[in-house]
Each structure stands twice: as structure tokens, then as C-alpha cells.
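S.K.: Can you keep this structure in mind? I'll have questions shortly.
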Amino acid sequence: MLETRFLIAPTRLETSELRAVLPRLGAEWKPALLEAERAFLRCAGVEGAPLAAVVRSGGAANRQEHLRTAIGAELFFRDRDVYYLITKPEGRGFWRPPAAGNEGAEPEVEAGLISPTAAGMQERLERFAEALRAAYGEGGERFAWRKDLPTTPRLAAMVATEEGGAGRLTPARLGLVELEYARMLAVPLPRRILRDLLRAGFARERDLLALEQADPEMVRRAVEELQEVGLVEAEFLLECKQDRHPLIRAKSRRQLESAEVAALSCPVCRAPFGSELVVSVFSPTETSRAICGQSQWLRIWLTDRLHQMGVPLNALRWRETGGQEHAEVLAEFLGRLWIFALKDGAWGADDSYALNYRRVRSGADHVVAIATGGIAGEAARLLTEPGEDTPPAAACISGLEAAPAALERELAEAAAEYARRRLRPVEEITSFDLSALPVWRQVNSGGAIRVVRPPLAAGA
Ligand SMILES: [Zn+2]
């Protein structure tokens, strides 16, 4: 996955100053844009002429010209990394005018790194930022670099107004115990066994073996595991010797063998309870009812996956759905508002209609639907085909087995788009198509990940 990190220095660095600083960075930092302009001047035989006077058309008050007065940029290519530097003497507002007041008007310098290799990225970025500070020389201390902390303004607004579709939003949490439940229930056999137990109330081992149609040893092991984590408990059942009709169930064998129980008589065969059969059965615990209600385990499972892929927990919110099979996770990261809609079961057209409604209402940029029982035909088409009111940005994932790879793909695409969006100002002032660079092709390699190039919304 393509990673983008950057540091911000809240200082005013004019475009002309930037030009003076670049050559002082030293041989290991070759400014690609400056080099390109120099090469142009050499070809034109006017080497040494003032760059801007020759290369850039003055006068015309077009957008590009306007941007060049408001930003300066430079790119450096090292190994498989792209380092960038953008100075915004007029603040972030140059790009999209701030909505109110002078928010975004503070001048700043952004030093960034886009890399396919996350390891050691922060150190590489800091080395670059330090080199820049040193190159500035006297007065370089004004580059007080700080991380631009990720914020989730849209999520925060939804939490504040409880808007964006029905349902309360709660912070995402990952407790160790719940994680263990979620990881276990992500496997089809234990999930099926627990679902059957919840439906039936309890089951004898032989009932489970007949029901699950799986290798008896695997069923036994799955039940054992469910017992170990406390989702299933063993109980005892007194049943009629004659027709195996269940008579009484108890937590312990001793309860069934007590004198007052033994004195009762069977309504079927008239024999005293004391002479009927005691067999062991399995039943779901209270905990399992809680974790399966509203498919809690599913949202924990997804939260865990996203967290492992680098999405911070505070960028996620759980939405109460009220339904037994549905769960929903909202997220704001990589510059997008996402809805992850989950269903423990088969996804139907009704689910798609409801999700399309919620996505329009919450203004989500991207929707990912995951169903343990699959999403097919009309239901999938409703989500992925652009409608009059709905954007086409949706992914359907059938089955949890397919989910990790598909989620990686979704995040990789979003990360590539995000990286490209951060360099958008550079594209605008240079007209170079930066998405053609090797760093993007690297993401595209193997055919597993496709780079999407949707029309980019303006946004710095
Ligand atoms: Zn009986």
C-alpha cells in the first residue's frame, strides 16, 4: 500500500525564497522540477535567464497562473520514494477558499513523503525535513515541523447531530475477549454451530453432528473451542428412554439425579424420572447472545481488520442498526467518509436499497458491503451501478474469507488516490501527470491492485 506522511511548519516561505534554498540542499537532494526548467532553458539557449520570465506565461489570469502566485513546490525522487515540498504562503485556502473567516489562511510549508515502504518512513521524512531546515541556514529555526494530526470532521459532525441515517454512533472499541469471540466466529463452522444453538436453545451432540454435515471430529473441536472461550456451555438433559423426548434440562447432573426430580414420572412412558436417561447437551451462554445480537462480533471483526491495516480506532464509529443480522461501521480516513455495512447472512436487494438511502443521507464517499452469505445479482447491481442519486463508489464483498484481500485492495486504492490528491497542487502548477510515476505503477504491479483514477475533488 502506498503510504503518505507529511510534516507541517507554520511559517511563511515565499516561492522566490524556495528557489534560493533548493540548491543548498546538497547533491543527494536533486530538485526535479527545478532541473526540468533548467533543462528547458538550456535547450532554448537562454541558460541563466530568470526562470519565471522565460518558462511561465505572465499576464493571463488563468487558474494555473493564480496558483503559481500562491504556491511553490518541488519534488525529489530517491529510491522508490517521492519526497515533496509545498510552500503555501497564502495558507491552505489558496486551494479551496475557506468557508468562514480566515481559517486555512495561515501560511505553511508542507514536507511530505510518498512511499510503498512504510518501514522507517517517519525517519526518512524527518531527515528530509531536517535537511530543508539546515539548507535554509540562518532563520531555519522557523521550520518547527509538526505532524498534521488526522482529524475526522465529518464523523464528528455526524456524532454531534446524530445525522447521517438512523442509529446512534458509538466509539469503536477492541476488547481482548471480544476480539477472541470475533476471530472465532469469523470461521464458518463455529459460527454455524452457535447460530443453530441460539435458534434451538440447546442441542445434543448427535443433533449437532447431524445438522452441521461436517466431519464429526471438526464439529467436536469447534464446540470445544466455543466452550473454552465461554460462548457455549455444557448442560445435562433428562430424556425419555422410550422416544428420547426431552424432559428437563439442568446445569449439573446432580440436579437431575436429586430425590425430588427422581420422584417425578415421565408423561410418555410413565416411568419414574430416576430411571430415564441423562445425556449431555450444549447451549449458548448469555455472552453469546450479546455478541451475536446485532452482529456485534462482525463489527468487532471488521474493526480489528481495519485497525491492523493501519486505520486508527478513533477514525471509526459503530452505528447501532437495531437489526439482528446487520452491523455498521462508519469511518473517516484517507480523506474519505466510508460506510462499512455488514450482514451475517445473505445480502438482499432490500439491504441494498436501505444502504443506498443511508449513503446518500450521510454523504459517504465510499461504501463497502460485506455479507457472510454473499452479495449477488440485483443486490450487487443496486450498489455498484451508478444511479441518479447514488455515486458508484461501492464494493461488494461476499463471504468473510474473501474480505481481508478485498479490504486491502479498497484501502490500497484509497491510499493511492489520497497520495495523488496531496500532490494535486504540484500537478496543477506543473502539468506533469504524477500518477504515471513508478511509485504508482508499483502499487499496480501483479494485477491484484488496480489504480483508480476518478476525477479528483479539489481539496488540499
Ligand atoms: Zn419416558
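Within each chain, counting starts at residue 1; across the C-alpha cells, chains are named A, B, ... in the order shown, with ligands numbered 1 upward in that order.
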Would you please extract all strand (DSSP E) residues from segment 57-261 of chain A, as assigned by DSSP on the backbone, and give them as a count of residues only?
M.R.: 43
S.K.: All residues within 7 Å of ligand 1 are required, counting only C-alpha atoms and all ligand atoms; please report them as a PDB file with N, CA and C atoms, in the first residue's frame.
M.R.:
ATOM      1  N   GLU A 239     -33.852 -37.385  29.320  1.00  0.00           N
ATOM      2  CA  GLU A 239     -34.760 -37.675  28.209  1.00  0.00           C
ATOM      3  C   GLU A 239     -35.418 -39.043  28.381  1.00  0.00           C
ATOM      4  N   CYS A 240     -36.530 -39.176  27.733  1.00  0.00           N
ATOM      5  CA  CYS A 240     -37.315 -40.405  27.846  1.00  0.00           C
ATOM      6  C   CYS A 240     -36.596 -41.549  27.141  1.00  0.00           C
ATOM      7  N   LYS A 241     -36.509 -42.679  27.854  1.00  0.00           N
ATOM      8  CA  LYS A 241     -35.842 -43.846  27.277  1.00  0.00           C
ATOM      9  C   LYS A 241     -36.586 -44.336  26.037  1.00  0.00           C
ATOM     10  N   GLN A 242     -37.910 -44.170  26.072  1.00  0.00           N
ATOM     11  CA  GLN A 242     -38.741 -44.735  25.008  1.00  0.00           C
ATOM     12  C   GLN A 242     -38.632 -43.959  23.690  1.00  0.00           C
ATOM     13  N   CYS A 266     -42.467 -39.809  34.008  1.00  0.00           N
ATOM     14  CA  CYS A 266     -42.447 -39.401  32.610  1.00  0.00           C
ATOM     15  C   CYS A 266     -43.861 -39.403  32.016  1.00  0.00           C
ATOM     16  N   PRO A 267     -44.281 -38.317  31.373  1.00  0.00           N
ATOM     17  CA  PRO A 267     -45.626 -38.268  30.795  1.00  0.00           C
ATOM     18  C   PRO A 267     -45.787 -39.213  29.599  1.00  0.00           C
ATOM     19  N   VAL A 268     -44.678 -39.662  29.025  1.00  0.00           N
ATOM     20  CA  VAL A 268     -44.761 -40.515  27.840  1.00  0.00           C
ATOM     21  C   VAL A 268     -44.837 -41.993  28.227  1.00  0.00           C
ATOM     22  N   CYS A 269     -43.814 -42.444  28.997  1.00  0.00           N
ATOM     23  CA  CYS A 269     -43.756 -43.878  29.297  1.00  0.00           C
ATOM     24  C   CYS A 269     -44.143 -44.208  30.728  1.00  0.00           C
ATOM     25  N   ARG A 270     -44.492 -43.163  31.511  1.00  0.00           N
ATOM     26  CA  ARG A 270     -44.938 -43.363  32.898  1.00  0.00           C
ATOM     27  C   ARG A 270     -43.837 -43.844  33.843  1.00  0.00           C
ATOM     28  N   ALA A 271     -42.633 -44.036  33.371  1.00  0.00           N
ATOM     29  CA  ALA A 271     -41.530 -44.481  34.240  1.00  0.00           C
ATOM     30  C   ALA A 271     -41.077 -43.319  35.118  1.00  0.00           C
ATOM     31  N   GLU A 276     -34.957 -42.680  33.860  1.00  0.00           N
ATOM     32  CA  GLU A 276     -34.779 -42.189  32.486  1.00  0.00           C
ATOM     33  C   GLU A 276     -33.299 -41.891  32.218  1.00  0.00           C
TER      34      GLU A 276
END
S.K.: If you take only C-alpha atoms and a cut-off of 12 Å, which residues of segment 292-376 of chain A touch segment 189-207 of chain A, and what are their nearest atom pairs and distances in Å to one decimal, in chain and number order, as a tab-separated table?
M.R.:
residue	atom	partner	partner_atom	distance
A:Cys292	CA	A:Arg195	CA	8.3
A:Gly293	CA	A:Leu198	CA	10.4
A:Ser295	CA	A:Arg195	CA	11.2
A:Trp297	CA	A:Arg191	CA	10.3
A:Leu298	CA	A:Arg191	CA	10.9
A:Gln324	CA	A:Arg195	CA	11.7
A:Glu325	CA	A:Arg195	CA	11.2
A:Asp344	CA	A:Arg191	CA	9.7
A:Gly345	CA	A:Arg192	CA	10.8
A:Thr372	CA	A:Arg191	CA	10.3
A:Gly373	CA	A:Arg192	CA	11.5
S.K.: Output the selection as a PDB file, in the first residue's frame - N, CA and C atoms for each residue.
M.R.:
ATOM      1  N   CYS A 292     -23.741 -12.016  19.529  1.00  0.00           N
ATOM      2  CA  CYS A 292     -24.377 -12.288  18.233  1.00  0.00           C
ATOM      3  C   CYS A 292     -25.513 -11.316  17.948  1.00  0.00           C
ATOM      4  N   GLY A 293     -26.070 -10.712  19.011  1.00  0.00           N
ATOM      5  CA  GLY A 293     -27.132  -9.737  18.800  1.00  0.00           C
ATOM      6  C   GLY A 293     -26.583  -8.570  18.016  1.00  0.00           C
ATOM      7  N   SER A 295     -25.236  -8.567  15.388  1.00  0.00           N
ATOM      8  CA  SER A 295     -23.971  -8.974  14.766  1.00  0.00           C
ATOM      9  C   SER A 295     -22.773  -8.200  15.307  1.00  0.00           C
ATOM     10  N   TRP A 297     -20.230  -9.215  16.857  1.00  0.00           N
ATOM     11  CA  TRP A 297     -18.941  -9.850  16.576  1.00  0.00           C
ATOM     12  C   TRP A 297     -18.413  -9.426  15.206  1.00  0.00           C
ATOM     13  N   LEU A 298     -19.355  -9.177  14.282  1.00  0.00           N
ATOM     14  CA  LEU A 298     -18.966  -8.845  12.911  1.00  0.00           C
ATOM     15  C   LEU A 298     -18.327  -7.451  12.866  1.00  0.00           C
ATOM     16  N   GLN A 324     -30.907  -7.704  13.934  1.00  0.00           N
ATOM     17  CA  GLN A 324     -30.119  -8.801  14.487  1.00  0.00           C
ATOM     18  C   GLN A 324     -28.946  -9.162  13.581  1.00  0.00           C
ATOM     19  N   GLU A 325     -29.167  -9.102  12.270  1.00  0.00           N
ATOM     20  CA  GLU A 325     -28.145  -9.591  11.338  1.00  0.00           C
ATOM     21  C   GLU A 325     -27.199  -8.495  10.866  1.00  0.00           C
ATOM     22  N   ASP A 344     -24.605 -10.652   8.685  1.00  0.00           N
ATOM     23  CA  ASP A 344     -24.360 -12.066   8.933  1.00  0.00           C
ATOM     24  C   ASP A 344     -25.511 -12.827   8.278  1.00  0.00           C
ATOM     25  N   GLY A 345     -25.337 -13.124   6.995  1.00  0.00           N
ATOM     26  CA  GLY A 345     -26.390 -13.767   6.229  1.00  0.00           C
ATOM     27  C   GLY A 345     -26.246 -13.377   4.774  1.00  0.00           C
ATOM     28  N   THR A 372     -21.725 -12.332   5.048  1.00  0.00           N
ATOM     29  CA  THR A 372     -21.175 -13.679   5.221  1.00  0.00           C
ATOM     30  C   THR A 372     -21.824 -14.646   4.239  1.00  0.00           C
ATOM     31  N   GLY A 373     -23.087 -14.363   3.879  1.00  0.00           N
ATOM     32  CA  GLY A 373     -23.803 -15.256   2.968  1.00  0.00           C
ATOM     33  C   GLY A 373     -23.739 -14.821   1.510  1.00  0.00           C
TER      34      GLY A 373
END
S.K.: Give the answer as one residue: which of A:Arg24, A:Ala394, A:Leu337, A:Ala263 has the shortest atom-to-atom distance to Leu355 of chain A, using only C-alpha atoms?
M.R.: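 For Leu355 of chain A, the nearest of the candidates is A:Ala394.
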S.K.: For Leu67 of chain A, which residue out of A:Arg127, A:Gln294, A:Arg80, A:Thr87 is the nearest one, using only C-alpha atoms?
M.R.: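 Ranking A:Arg127, A:Gln294, A:Arg80, A:Thr87 by distance to Leu67 of chain A, first place goes to A:Thr87.
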S.K.: Skipping near chain neighbours, those fewer than 4 positions away, what residues fall within 10 Å of segment 404-411 of chain A using only C-alpha atoms, listed as a ChimeraX atom specification?
M.R.: /A:1-2,302,305-306,309-311,333-334,366,368,370,394-398,400,415-417,448-451
S.K.: If you run DSSP on the backbone, which residues of segment 401-440 of chain A are helix (DSSP H, G or I), as a ChimeraX atom specification?
M.R.: /A:403-422,424-430,434-436,438-440
S.K.: Write the residues of the preceding selection, restricted to C-alpha atoms, as a PDB file, in the first residue's frame.
M.R.:
ATOM      1  CA  ALA A 403     -12.856  -9.967   2.893  1.00  0.00           C
ATOM      2  CA  PRO A 404      -9.244  -9.409   4.027  1.00  0.00           C
ATOM      3  CA  ALA A 405      -7.827  -9.322   0.478  1.00  0.00           C
ATOM      4  CA  ALA A 406     -10.724  -7.227  -0.804  1.00  0.00           C
ATOM      5  CA  LEU A 407     -10.353  -4.757   2.058  1.00  0.00           C
ATOM      6  CA  GLU A 408      -6.622  -4.482   1.371  1.00  0.00           C
ATOM      7  CA  ARG A 409      -7.486  -3.645  -2.213  1.00  0.00           C
ATOM      8  CA  GLU A 410     -10.018  -0.996  -1.229  1.00  0.00           C
ATOM      9  CA  LEU A 411      -7.575   0.627   1.172  1.00  0.00           C
ATOM     10  CA  ALA A 412      -4.713   0.477  -1.336  1.00  0.00           C
ATOM     11  CA  GLU A 413      -6.835   2.259  -3.913  1.00  0.00           C
ATOM     12  CA  ALA A 414      -7.898   4.877  -1.420  1.00  0.00           C
ATOM     13  CA  ALA A 415      -4.291   5.351  -0.282  1.00  0.00           C
ATOM     14  CA  ALA A 416      -3.081   5.826  -3.875  1.00  0.00           C
ATOM     15  CA  GLU A 417      -5.836   8.333  -4.531  1.00  0.00           C
ATOM     16  CA  TYR A 418      -5.014  10.148  -1.307  1.00  0.00           C
ATOM     17  CA  ALA A 419      -1.307  10.368  -2.202  1.00  0.00           C
ATOM     18  CA  ARG A 420      -2.190  11.711  -5.578  1.00  0.00           C
ATOM     19  CA  ARG A 421      -4.527  14.248  -4.060  1.00  0.00           C
ATOM     20  CA  ARG A 422      -1.757  15.568  -1.814  1.00  0.00           C
ATOM     21  CA  ARG A 424      -2.544  17.686  -6.810  1.00  0.00           C
ATOM     22  CA  PRO A 425      -1.262  21.261  -6.330  1.00  0.00           C
ATOM     23  CA  VAL A 426       2.039  20.169  -7.868  1.00  0.00           C
ATOM     24  CA  GLU A 427       0.231  18.667 -10.851  1.00  0.00           C
ATOM     25  CA  GLU A 428      -1.761  21.852 -11.245  1.00  0.00           C
ATOM     26  CA  ILE A 429       1.229  24.175 -11.428  1.00  0.00           C
ATOM     27  CA  THR A 430       3.478  21.876 -13.456  1.00  0.00           C
ATOM     28  CA  LEU A 434       2.410  12.417 -11.499  1.00  0.00           C
ATOM     29  CA  SER A 435       0.235   9.303 -11.391  1.00  0.00           C
ATOM     30  CA  ALA A 436       2.389   7.969 -14.237  1.00  0.00           C
ATOM     31  CA  PRO A 438       6.900   4.426 -10.899  1.00  0.00           C
ATOM     32  CA  VAL A 439       5.751   4.764  -7.323  1.00  0.00           C
ATOM     33  CA  TRP A 440       2.170   4.445  -8.563  1.00  0.00           C
TER      34      TRP A 440
END
